[in-house]
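As provided, work-v2.cif (mmCIF, C-alpha atoms) reads as follows.
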```cif
data_start
loop_
_atom_site.group_PDB
_atom_site.id
_atom_site.type_symbol
_atom_site.label_atom_id
_atom_site.label_comp_id
_atom_site.auth_asym_id
_atom_site.auth_seq_id
_atom_site.Cartn_x
_atom_site.Cartn_y
_atom_site.Cartn_z
ATOM 1 C CA MET A 1027 -15.375 15.307 8.311
ATOM 2 C CA PRO A 1028 -11.779 16.298 7.499
ATOM 3 C CA TYR A 1029 -10.839 16.535 3.845
ATOM 4 C CA PHE A 1030 -7.957 18.207 2.095
ATOM 5 C CA ASP A 1031 -7.823 19.202 -1.540
ATOM 6 C CA ASN A 1032 -5.029 18.130 -3.866
ATOM 7 C CA ASP A 1033 -5.429 19.876 -7.203
ATOM 8 C CA GLY A 1034 -9.220 19.566 -7.195
ATOM 9 C CA ILE A 1035 -9.408 16.029 -5.763
ATOM 10 C CA LYS A 1036 -10.770 15.765 -2.215
ATOM 11 C CA ILE A 1037 -8.966 13.277 0.030
ATOM 12 C CA TYR A 1038 -10.614 12.087 3.240
ATOM 13 C CA TYR A 1039 -8.462 11.498 6.309
ATOM 14 C CA GLU A 1040 -8.713 10.899 10.048
ATOM 15 C CA ILE A 1041 -6.264 11.281 12.920
ATOM 16 C CA GLU A 1042 -6.248 9.013 15.966
ATOM 17 C CA GLY A 1043 -3.986 9.017 19.021
ATOM 18 C CA GLU A 1044 -0.885 10.949 20.029
ATOM 19 C CA GLY A 1045 2.848 10.355 19.688
ATOM 20 C CA PRO A 1046 5.255 9.853 16.783
ATOM 21 C CA PRO A 1047 3.281 10.057 13.504
ATOM 22 C CA VAL A 1048 2.418 6.916 11.511
ATOM 23 C CA VAL A 1049 0.937 7.358 8.028
ATOM 24 C CA MET A 1050 -1.265 4.314 7.332
ATOM 25 C CA ILE A 1051 -2.085 3.504 3.689
ATOM 26 C CA HIS A 1052 -4.695 0.825 2.977
ATOM 27 C CA GLY A 1053 -4.901 -1.839 0.292
ATOM 28 C CA PHE A 1054 -6.606 -1.829 -3.103
ATOM 29 C CA SER A 1055 -10.432 -1.713 -2.970
ATOM 30 C CA GLU A 1056 -10.227 -1.195 0.812
ATOM 31 C CA ASN A 1057 -10.457 2.003 2.870
ATOM 32 C CA LEU A 1058 -9.280 3.252 6.256
ATOM 33 C CA GLU A 1059 -12.336 1.787 7.997
ATOM 34 C CA ASP A 1060 -11.967 -1.746 6.530
ATOM 35 C CA ASN A 1061 -8.197 -2.000 6.585
ATOM 36 C CA TRP A 1062 -7.303 -0.336 9.875
ATOM 37 C CA LYS A 1063 -10.299 0.090 12.187
ATOM 38 C CA GLU A 1064 -12.174 -3.171 11.680
ATOM 39 C CA LYS A 1065 -8.947 -5.186 11.940
ATOM 40 C CA ASN A 1066 -8.049 -3.589 15.276
ATOM 41 C CA TRP A 1067 -4.984 -1.656 14.099
ATOM 42 C CA VAL A 1068 -6.190 1.672 15.483
ATOM 43 C CA GLU A 1069 -6.812 0.161 18.932
ATOM 44 C CA THR A 1070 -3.386 -1.517 18.858
ATOM 45 C CA LEU A 1071 -1.397 1.613 18.013
ATOM 46 C CA LYS A 1072 -3.303 4.768 19.011
ATOM 47 C CA ASN A 1073 -2.119 4.855 22.643
ATOM 48 C CA ASN A 1074 1.494 5.296 21.556
ATOM 49 C CA TYR A 1075 1.309 6.908 18.105
ATOM 50 C CA GLN A 1076 -0.459 9.614 16.141
ATOM 51 C CA LEU A 1077 -2.124 7.643 13.371
ATOM 52 C CA ILE A 1078 -2.743 9.477 10.088
ATOM 53 C CA LEU A 1079 -5.317 7.409 8.207
ATOM 54 C CA LEU A 1080 -6.513 8.302 4.726
ATOM 55 C CA ASP A 1081 -8.805 6.963 2.047
ATOM 56 C CA CYS A 1082 -6.659 6.876 -1.079
ATOM 57 C CA ARG A 1083 -8.174 8.554 -4.149
ATOM 58 C CA GLY A 1084 -10.554 6.168 -5.879
ATOM 59 C CA HIS A 1085 -11.460 4.615 -2.508
ATOM 60 C CA GLY A 1086 -13.672 5.147 0.538
ATOM 61 C CA LYS A 1087 -14.859 8.709 1.143
ATOM 62 C CA SER A 1088 -12.266 10.315 -1.141
ATOM 63 C CA ASP A 1089 -13.052 11.448 -4.702
ATOM 64 C CA LYS A 1090 -13.173 8.713 -7.342
ATOM 65 C CA PRO A 1091 -12.325 10.082 -10.803
ATOM 66 C CA HIS A 1092 -12.536 7.594 -13.683
ATOM 67 C CA GLY A 1093 -9.504 8.697 -15.740
ATOM 68 C CA ASP A 1094 -6.204 6.844 -15.283
ATOM 69 C CA SER A 1095 -4.316 10.167 -15.460
ATOM 70 C CA TYR A 1096 -5.691 10.925 -11.959
ATOM 71 C CA TYR A 1097 -3.753 8.038 -10.409
ATOM 72 C CA GLY A 1098 -0.198 6.651 -10.532
ATOM 73 C CA GLN A 1099 2.218 9.281 -9.188
ATOM 74 C CA LYS A 1100 -0.693 11.412 -7.952
ATOM 75 C CA MET A 1101 -1.387 8.788 -5.275
ATOM 76 C CA MET A 1102 2.102 9.382 -3.860
ATOM 77 C CA ASP A 1103 1.579 13.159 -4.175
ATOM 78 C CA ASP A 1104 -1.556 12.877 -2.007
ATOM 79 C CA ILE A 1105 0.538 11.500 0.850
ATOM 80 C CA ILE A 1106 3.162 14.223 0.513
ATOM 81 C CA LYS A 1107 0.504 16.958 0.353
ATOM 82 C CA LEU A 1108 -1.367 15.515 3.351
ATOM 83 C CA MET A 1109 1.812 15.646 5.433
ATOM 84 C CA GLU A 1110 2.367 19.256 4.338
ATOM 85 C CA HIS A 1111 -1.289 20.042 5.152
ATOM 86 C CA LEU A 1112 -0.740 18.674 8.685
ATOM 87 C CA SER A 1113 2.731 20.298 9.045
ATOM 88 C CA ILE A 1114 4.409 16.904 9.506
ATOM 89 C CA GLU A 1115 7.968 16.816 8.151
ATOM 90 C CA LYS A 1116 8.721 13.108 8.760
ATOM 91 C CA ALA A 1117 6.613 10.105 9.669
ATOM 92 C CA ASN A 1118 6.666 6.368 10.037
ATOM 93 C CA PHE A 1119 4.868 4.686 7.130
ATOM 94 C CA PHE A 1120 2.744 1.557 7.290
ATOM 95 C CA GLY A 1121 1.221 0.353 4.017
ATOM 96 C CA TYR A 1122 -0.596 -2.840 3.173
ATOM 97 C CA SER A 1123 -0.706 -4.300 -0.367
ATOM 98 C CA MET A 1124 -1.403 -1.263 -2.610
ATOM 99 C CA GLY A 1125 -0.463 0.901 0.374
ATOM 100 C CA ALA A 1126 2.838 -0.975 0.638
ATOM 101 C CA ASN A 1127 3.493 -0.273 -3.043
ATOM 102 C CA ILE A 1128 2.865 3.431 -2.453
ATOM 103 C CA THR A 1129 5.208 3.330 0.553
ATOM 104 C CA PHE A 1130 7.815 1.490 -1.540
ATOM 105 C CA ARG A 1131 7.714 4.208 -4.194
ATOM 106 C CA LEU A 1132 8.077 6.918 -1.546
ATOM 107 C CA LEU A 1133 11.045 5.059 -0.061
ATOM 108 C CA LEU A 1134 12.777 5.307 -3.425
ATOM 109 C CA THR A 1135 11.769 8.867 -4.307
ATOM 110 C CA LYS A 1136 11.143 10.780 -1.016
ATOM 111 C CA PRO A 1137 13.190 9.048 1.709
ATOM 112 C CA GLU A 1138 13.631 12.366 3.533
ATOM 113 C CA ILE A 1139 9.996 12.265 4.750
ATOM 114 C CA ILE A 1140 10.279 8.708 6.149
ATOM 115 C CA ILE A 1141 11.328 7.729 9.688
ATOM 116 C CA SER A 1142 10.647 4.033 9.066
ATOM 117 C CA ALA A 1143 8.645 1.925 6.625
ATOM 118 C CA ILE A 1144 6.509 -1.181 7.143
ATOM 119 C CA LEU A 1145 5.468 -2.990 3.959
ATOM 120 C CA GLY A 1146 2.681 -5.499 4.585
ATOM 121 C CA GLY A 1147 1.461 -7.969 1.973
ATOM 122 C CA PHE A 1148 4.386 -6.882 -0.213
ATOM 123 C CA VAL A 1149 6.440 -9.168 -2.431
ATOM 124 C CA LEU A 1150 9.315 -7.753 -4.452
ATOM 125 C CA THR A 1151 9.687 -8.982 -8.035
ATOM 126 C CA LEU A 1152 12.976 -8.393 -9.848
ATOM 127 C CA SER A 1153 12.836 -11.096 -12.512
ATOM 128 C CA GLU A 1154 11.900 -10.016 -16.052
ATOM 129 C CA LYS A 1155 9.646 -13.053 -16.412
ATOM 130 C CA GLU A 1156 7.736 -12.317 -13.189
ATOM 131 C CA ILE A 1157 7.449 -8.605 -14.032
ATOM 132 C CA SER A 1158 5.888 -9.466 -17.429
ATOM 133 C CA LYS A 1159 3.494 -11.819 -15.654
ATOM 134 C CA ASP A 1160 2.519 -9.050 -13.206
ATOM 135 C CA ILE A 1161 1.856 -6.622 -16.076
ATOM 136 C CA GLU A 1162 -0.414 -9.128 -17.824
ATOM 137 C CA GLY A 1163 -2.206 -9.829 -14.553
ATOM 138 C CA THR A 1164 -2.835 -6.114 -14.018
ATOM 139 C CA LYS A 1165 -4.259 -5.782 -17.541
ATOM 140 C CA ARG A 1166 -6.679 -8.633 -16.811
ATOM 141 C CA ILE A 1167 -7.780 -6.960 -13.569
ATOM 142 C CA ILE A 1168 -8.487 -3.710 -15.446
ATOM 143 C CA GLU A 1169 -10.595 -5.623 -17.977
ATOM 144 C CA ALA A 1170 -12.407 -7.406 -15.145
ATOM 145 C CA PHE A 1171 -13.380 -4.145 -13.475
ATOM 146 C CA LYS A 1172 -14.611 -2.697 -16.762
ATOM 147 C CA ALA A 1173 -16.744 -5.760 -17.590
ATOM 148 C CA GLU A 1174 -20.502 -5.224 -17.316
ATOM 149 C CA SER A 1175 -20.899 -8.332 -15.160
ATOM 150 C CA ILE A 1176 -18.629 -10.600 -13.135
ATOM 151 C CA ASP A 1177 -20.038 -13.462 -15.229
ATOM 152 C CA GLN A 1178 -17.933 -12.133 -18.128
ATOM 153 C CA VAL A 1179 -14.711 -12.469 -16.086
ATOM 154 C CA LYS A 1180 -13.149 -15.897 -16.641
ATOM 155 C CA LYS A 1181 -9.573 -15.568 -15.298
ATOM 156 C CA PRO A 1182 -9.556 -16.763 -11.649
ATOM 157 C CA MET A 1183 -7.323 -14.037 -10.161
ATOM 158 C CA ALA A 1184 -9.122 -11.196 -11.984
ATOM 159 C CA ARG A 1185 -12.464 -12.688 -10.975
ATOM 160 C CA ALA A 1186 -11.324 -12.852 -7.324
ATOM 161 C CA PHE A 1187 -10.309 -9.169 -7.409
ATOM 162 C CA ARG A 1188 -13.698 -8.227 -8.878
ATOM 163 C CA MET A 1189 -15.570 -10.332 -6.317
ATOM 164 C CA ILE A 1190 -13.732 -8.732 -3.388
ATOM 165 C CA ALA A 1191 -14.343 -5.235 -4.795
ATOM 166 C CA GLU A 1192 -18.042 -5.939 -5.283
ATOM 167 C CA SER A 1193 -18.354 -7.045 -1.659
ATOM 168 C CA GLY A 1194 -17.579 -3.476 -0.555
ATOM 169 C CA ASP A 1195 -18.951 -0.065 -1.438
ATOM 170 C CA ASN A 1196 -16.661 0.474 -4.431
ATOM 171 C CA ASP A 1197 -16.761 2.339 -7.740
ATOM 172 C CA LEU A 1198 -15.500 -0.313 -10.165
ATOM 173 C CA LEU A 1199 -14.566 2.128 -12.934
ATOM 174 C CA ALA A 1200 -12.543 4.201 -10.473
ATOM 175 C CA LEU A 1201 -10.735 1.041 -9.365
ATOM 176 C CA ALA A 1202 -10.036 0.136 -13.003
ATOM 177 C CA ALA A 1203 -8.523 3.617 -13.401
ATOM 178 C CA VAL A 1204 -6.398 3.112 -10.256
ATOM 179 C CA GLN A 1205 -4.890 -0.034 -11.778
ATOM 180 C CA ALA A 1206 -4.465 1.574 -15.207
ATOM 181 C CA GLY A 1207 -2.760 4.595 -13.653
ATOM 182 C CA TRP A 1208 -0.376 2.351 -11.715
ATOM 183 C CA LEU A 1209 0.407 0.335 -14.838
ATOM 184 C CA LYS A 1210 1.117 3.433 -16.940
ATOM 185 C CA ASP A 1211 3.280 4.988 -14.228
ATOM 186 C CA TRP A 1212 5.077 1.695 -13.602
ATOM 187 C CA THR A 1213 5.980 1.078 -17.245
ATOM 188 C CA GLU A 1214 7.114 4.695 -17.726
ATOM 189 C CA THR A 1215 9.347 4.836 -14.645
ATOM 190 C CA MET A 1216 10.438 1.200 -14.301
ATOM 191 C CA THR A 1217 14.186 0.762 -13.916
ATOM 192 C CA SER A 1218 16.129 -2.411 -14.711
ATOM 193 C CA PRO A 1219 16.338 -5.103 -12.011
ATOM 194 C CA ALA A 1220 20.057 -4.314 -11.608
ATOM 195 C CA GLN A 1221 19.361 -0.590 -11.084
ATOM 196 C CA MET A 1222 16.570 -1.399 -8.611
ATOM 197 C CA ARG A 1223 18.899 -3.618 -6.589
ATOM 198 C CA GLU A 1224 21.420 -0.781 -6.352
ATOM 199 C CA SER A 1225 18.691 1.701 -5.326
ATOM 200 C CA LEU A 1226 17.473 -0.622 -2.574
ATOM 201 C CA LYS A 1227 20.984 -1.058 -1.196
ATOM 202 C CA LYS A 1228 21.133 2.734 -0.661
ATOM 203 C CA ILE A 1229 18.011 2.952 1.532
ATOM 204 C CA LYS A 1230 19.038 4.244 4.960
ATOM 205 C CA VAL A 1231 15.767 4.135 6.942
ATOM 206 C CA PRO A 1232 14.575 1.104 8.961
ATOM 207 C CA VAL A 1233 12.360 -1.169 6.847
ATOM 208 C CA MET A 1234 10.252 -4.206 7.765
ATOM 209 C CA THR A 1235 8.317 -6.469 5.402
ATOM 210 C CA VAL A 1236 5.500 -8.709 6.663
ATOM 211 C CA VAL A 1237 3.566 -11.279 4.612
ATOM 212 C CA GLY A 1238 1.470 -14.347 5.196
ATOM 213 C CA SER A 1239 3.318 -17.622 4.574
ATOM 214 C CA THR A 1240 0.728 -18.539 1.918
ATOM 215 C CA GLU A 1241 0.852 -15.142 0.168
ATOM 216 C CA ILE A 1242 -0.715 -15.449 -3.311
ATOM 217 C CA PHE A 1243 1.470 -12.893 -5.100
ATOM 218 C CA SER A 1244 4.525 -14.346 -6.801
ATOM 219 C CA GLY A 1245 8.056 -13.214 -6.100
ATOM 220 C CA ASP A 1246 10.616 -13.537 -3.329
ATOM 221 C CA LYS A 1247 9.059 -12.701 0.045
ATOM 222 C CA THR A 1248 12.453 -12.067 1.652
ATOM 223 C CA LEU A 1249 14.230 -10.191 -1.168
ATOM 224 C CA MET A 1250 13.469 -6.679 0.113
ATOM 225 C CA ALA A 1251 14.936 -7.560 3.507
ATOM 226 C CA GLN A 1252 17.979 -9.119 1.833
ATOM 227 C CA LEU A 1253 18.767 -6.011 -0.219
ATOM 228 C CA VAL A 1254 17.912 -3.107 2.110
ATOM 229 C CA PRO A 1255 20.592 -2.601 4.781
ATOM 230 C CA ASP A 1256 19.376 -3.561 8.284
ATOM 231 C CA ALA A 1257 15.863 -4.435 7.040
ATOM 232 C CA CYS A 1258 13.895 -7.256 8.671
ATOM 233 C CA HIS A 1259 11.217 -9.680 7.479
ATOM 234 C CA PHE A 1260 8.410 -11.607 9.175
ATOM 235 C CA GLN A 1261 6.028 -14.227 7.879
ATOM 236 C CA ILE A 1262 2.680 -14.971 9.513
ATOM 237 C CA GLN A 1263 2.344 -18.743 9.358
ATOM 238 C CA GLY A 1264 -0.773 -20.183 7.736
ATOM 239 C CA LYS A 1265 -2.075 -16.768 6.625
ATOM 240 C CA ASP A 1266 -2.642 -15.435 3.113
ATOM 241 C CA HIS A 1267 -2.970 -11.956 1.614
ATOM 242 C CA LEU A 1268 -6.472 -11.388 3.007
ATOM 243 C CA SER A 1269 -6.211 -13.106 6.389
ATOM 244 C CA ALA A 1270 -2.775 -11.839 7.498
ATOM 245 C CA THR A 1271 -3.905 -8.277 8.302
ATOM 246 C CA SER A 1272 -6.101 -9.236 11.246
ATOM 247 C CA ASP A 1273 -3.652 -11.713 12.811
ATOM 248 C CA PRO A 1274 -2.498 -10.684 16.344
ATOM 249 C CA LYS A 1275 1.093 -11.714 15.510
ATOM 250 C CA PHE A 1276 1.127 -9.108 12.734
ATOM 251 C CA HIS A 1277 -0.046 -6.481 15.225
ATOM 252 C CA MET A 1278 2.645 -7.586 17.681
ATOM 253 C CA VAL A 1279 5.606 -7.342 15.273
ATOM 254 C CA VAL A 1280 4.467 -3.969 13.881
ATOM 255 C CA LYS A 1281 4.157 -2.460 17.358
ATOM 256 C CA ALA A 1282 7.516 -3.911 18.403
ATOM 257 C CA PHE A 1283 9.178 -2.502 15.263
ATOM 258 C CA LEU A 1284 7.652 0.971 15.756
ATOM 259 C CA ASP A 1285 8.564 0.988 19.451
ATOM 260 C CA PHE A 1286 12.164 0.031 18.661
ATOM 261 C CA VAL A 1287 12.566 2.630 15.910
ATOM 262 C CA ASN A 1288 10.882 5.500 17.769
ATOM 263 C CA ASN A 1289 12.360 4.961 21.224
ATOM 264 C CA GLN A 1290 16.039 4.823 20.342
#
```
structure tokens encoding of this file:
Amino acid sequence: MPYFDNDGIKIYYEIEGEGPPVVMIHGFSENLEDNWKEKNWVETLKNNYQLILLDCRGHGKSDKPHGDSYYGQKMMDDIIKLMEHLSIEKANFFGYSMGANITFRLLLTKPEIIISAILGGFVLTLSEKEISKDIEGTKRIIEAFKAESIDQVKKPMARAFRMIAESGDNDLLALAAVQAGWLKDWTETMTSPAQMRESLKKIKVPVMTVVGSTEIFSGDKTLMAQLVPDACHFQIQGKDHLSATSDPKFHMVVKAFLDFVNNQ
């Protein structure tokens, strides 16, 4: 099984298909098997693209350290190091949920390695009130994953996160550390909404956002596409954060976007 080592942490990855490279980054408490194989993404794309699939640290077959210092920026570094390991200079990026957040950060900090970016299950929040709400929600999720039993988790959203994580083969303390690492990194590097708007207006690579019409996360579903030049946005009608990923319409728009970008 292919692994690469990033500063002592082993990251599991797989490669499927041939063609222009697409780095695929799964959602929180998921893995490459759940997010991409079981939902038919590999079958949809592998005949035209080289798919680089990885289990993010803290997930799947990759190492799962319990300290929050192992996460945050280091999750972006894993992607960069994997591309270097495979001698890939630029790739298309497709992230869902947590994977979309990782892709978003790379768009802002390492645009030179990105051919195009697809952000699935991603809602941009640039209001101070919503950002504060997100921070509090993340803190509750961390507490929920550290609780001895789900019975101790009373907040509905945190309880839902815990329930989903428990349904898979997950290390709850590692997932708590993932969230804590993100929160620490986010609060340390967060720019003002005005600065973020200006940064997004400078993005030069093709970007597409895709969400279900009943997406649970708050924020403006279309804001990313409004701010990034030549970006586009699709909504999958009647689908939410969990059900959108397996919808054939999602597969269709992603393939059409990749074909358009890579065949110009």
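The nearest approach to A:Ile1168 among the residues A:Asn1289, A:Thr1240, A:Gln1263, A:Gln1205, with all atoms listed in the file taken into account, belongs to A:Gln1205.
With distances restricted to all atoms listed in the file, A:Asn1032 is the closest residue to A:Tyr1096 from A:Ser1158, A:Asn1032, A:Gln1290, A:Gln1076.
If you look at atom CA of A:Lys1230 and atom CA of A:Met1216, they are 21.3 Å away from each other.
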For A:Gly1238, the nearest of the candidates A:Ser1175, A:Asn1074, A:Ser1123, A:Thr1164, counting only C-alpha atoms: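 The answer is A:Ser1123, which sits nearest to A:Gly1238.
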With the file shown as input, list the residues that the PyMOL selection byres ((chain A and resi 1149-1156) around 12) selects, as a VMD selection string. chain A and resid 1122 to 1124 1126 to 1127 1130 1145 to 1148 1157 to 1163 1216 to 1224 1226 1234 to 1254 1259 1261 1267
Between A:Leu1108, A:Met1102, A:Ile1176, A:Ala1143, which has the minimum distance to A:Tyr1039 (counting only C-alpha atoms)? A:Leu1108
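Interatomic distance, atom CA of A:His1277 to atom CA of A:Asp1060: 15.5 Å.
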For atom CA of A:Ala1184 and atom CA of A:Lys1210, the interatomic separation in Å (one decimal):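 Going from atom CA of A:Ala1184 over to atom CA of A:Lys1210, I get 18.5 Å.
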Provide an axis-aligned box for all listed atoms of stretch 1241-1250 of chain A, padding each side by 6 Å; report its centre and its edge lengths in Å to one decimal, as JSON.
```
{"center_x": 6.8, "center_y": -11.1, "center_z": -2.6, "size_x": 26.9, "size_y": 20.8, "size_z": 20.5}
```
Residues within 12 Å of A:Trp1062, only C-alpha atoms, excluding chain neighbours under 6 positions, as a CSV table (one decimal) with C-alpha atoms, in the coordinates of the input:
```csv
chain,number,residue,atom,x,y,z
A,1040,GLU,CA,-8.7,10.9,10.0
A,1042,GLU,CA,-6.2,9.0,16.0
A,1049,VAL,CA,0.9,7.4,8.0
A,1050,MET,CA,-1.3,4.3,7.3
A,1051,ILE,CA,-2.1,3.5,3.7
A,1052,HIS,CA,-4.7,0.8,3.0
A,1053,GLY,CA,-4.9,-1.8,0.3
A,1056,GLU,CA,-10.2,-1.2,0.8
A,1068,VAL,CA,-6.2,1.7,15.5
A,1069,GLU,CA,-6.8,0.2,18.9
A,1070,THR,CA,-3.4,-1.5,18.9
A,1071,LEU,CA,-1.4,1.6,18.0
A,1072,LYS,CA,-3.3,4.8,19.0
A,1077,LEU,CA,-2.1,7.6,13.4
A,1078,ILE,CA,-2.7,9.5,10.1
A,1079,LEU,CA,-5.3,7.4,8.2
A,1080,LEU,CA,-6.5,8.3,4.7
A,1081,ASP,CA,-8.8,7.0,2.0
A,1120,PHE,CA,2.7,1.6,7.3
A,1121,GLY,CA,1.2,0.4,4.0
A,1122,TYR,CA,-0.6,-2.8,3.2
A,1125,GLY,CA,-0.5,0.9,0.4
A,1271,THR,CA,-3.9,-8.3,8.3
A,1272,SER,CA,-6.1,-9.2,11.2
A,1277,HIS,CA,0.0,-6.5,15.2
```
Select, from A:Phe1283, A:Phe1171, A:Phe1054, A:Tyr1075, the residue with the minimum atom-to-atom distance to A:Leu1268, counting all atoms listed in the file.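 Among the listed residues, the smallest separation from A:Leu1268 belongs to A:Phe1054.
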Which of these, A:Tyr1038, A:Trp1067, A:Phe1030, A:Phe1119, has the shortest distance to A:Val1287 once you count all atoms listed in the file?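 The shortest atom-to-atom distance to A:Val1287 comes from A:Phe1119.
This file gives the following result for the PyMOL selection byres ((chain A and resi 1085-1090) around 9): A:Tyr1029, A:Ile1035, A:Lys1036, A:Ile1037, A:Tyr1038, A:Tyr1039, A:Phe1054, A:Ser1055, A:Glu1056, A:Asn1057, A:Leu1058, A:Glu1059, A:Leu1080, A:Asp1081, A:Cys1082, A:Arg1083, A:Gly1084, A:Pro1091, A:His1092, A:Asp1195, A:Asn1196, A:Asp1197, A:Leu1199, A:Ala1200, A:Leu1201.
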How would stretch 1067-1080 of chain A look with N, CA and C atoms restored, written as a tab-separated table (two decimals), keeping the file's coordinate frame?
```
chain	number	residue	atom	x	y	z
A	1067	TRP	N	-6.27	-2.35	14.14
A	1067	TRP	CA	-4.98	-1.66	14.10
A	1067	TRP	C	-5.01	-0.35	14.88
A	1068	VAL	N	-6.11	0.39	14.78
A	1068	VAL	CA	-6.19	1.67	15.48
A	1068	VAL	C	-6.11	1.45	16.99
A	1069	GLU	N	-6.85	0.47	17.50
A	1069	GLU	CA	-6.81	0.16	18.93
A	1069	GLU	C	-5.41	-0.27	19.37
A	1070	THR	N	-4.72	-1.01	18.53
A	1070	THR	CA	-3.39	-1.52	18.86
A	1070	THR	C	-2.36	-0.40	18.98
A	1071	LEU	N	-2.48	0.63	18.13
A	1071	LEU	CA	-1.40	1.61	18.01
A	1071	LEU	C	-1.70	3.00	18.57
A	1072	LYS	N	-2.97	3.36	18.75
A	1072	LYS	CA	-3.30	4.77	19.01
A	1072	LYS	C	-2.83	5.28	20.37
A	1073	ASN	N	-2.57	4.38	21.33
A	1073	ASN	CA	-2.12	4.86	22.64
A	1073	ASN	C	-0.67	5.33	22.63
A	1074	ASN	N	0.08	4.94	21.61
A	1074	ASN	CA	1.49	5.30	21.56
A	1074	ASN	C	1.88	6.15	20.35
A	1075	TYR	N	0.96	6.24	19.36
A	1075	TYR	CA	1.31	6.91	18.10
A	1075	TYR	C	0.17	7.78	17.61
A	1076	GLN	N	0.54	8.81	16.85
A	1076	GLN	CA	-0.46	9.61	16.14
A	1076	GLN	C	-0.67	8.95	14.78
A	1077	LEU	N	-1.84	8.39	14.60
A	1077	LEU	CA	-2.12	7.64	13.37
A	1077	LEU	C	-2.79	8.57	12.36
A	1078	ILE	N	-2.17	8.68	11.18
A	1078	ILE	CA	-2.74	9.48	10.09
A	1078	ILE	C	-3.31	8.48	9.08
A	1079	LEU	N	-4.62	8.39	9.05
A	1079	LEU	CA	-5.32	7.41	8.21
A	1079	LEU	C	-5.97	8.16	7.06
A	1080	LEU	N	-5.86	7.64	5.85
A	1080	LEU	CA	-6.51	8.30	4.73
A	1080	LEU	C	-7.19	7.28	3.83
```
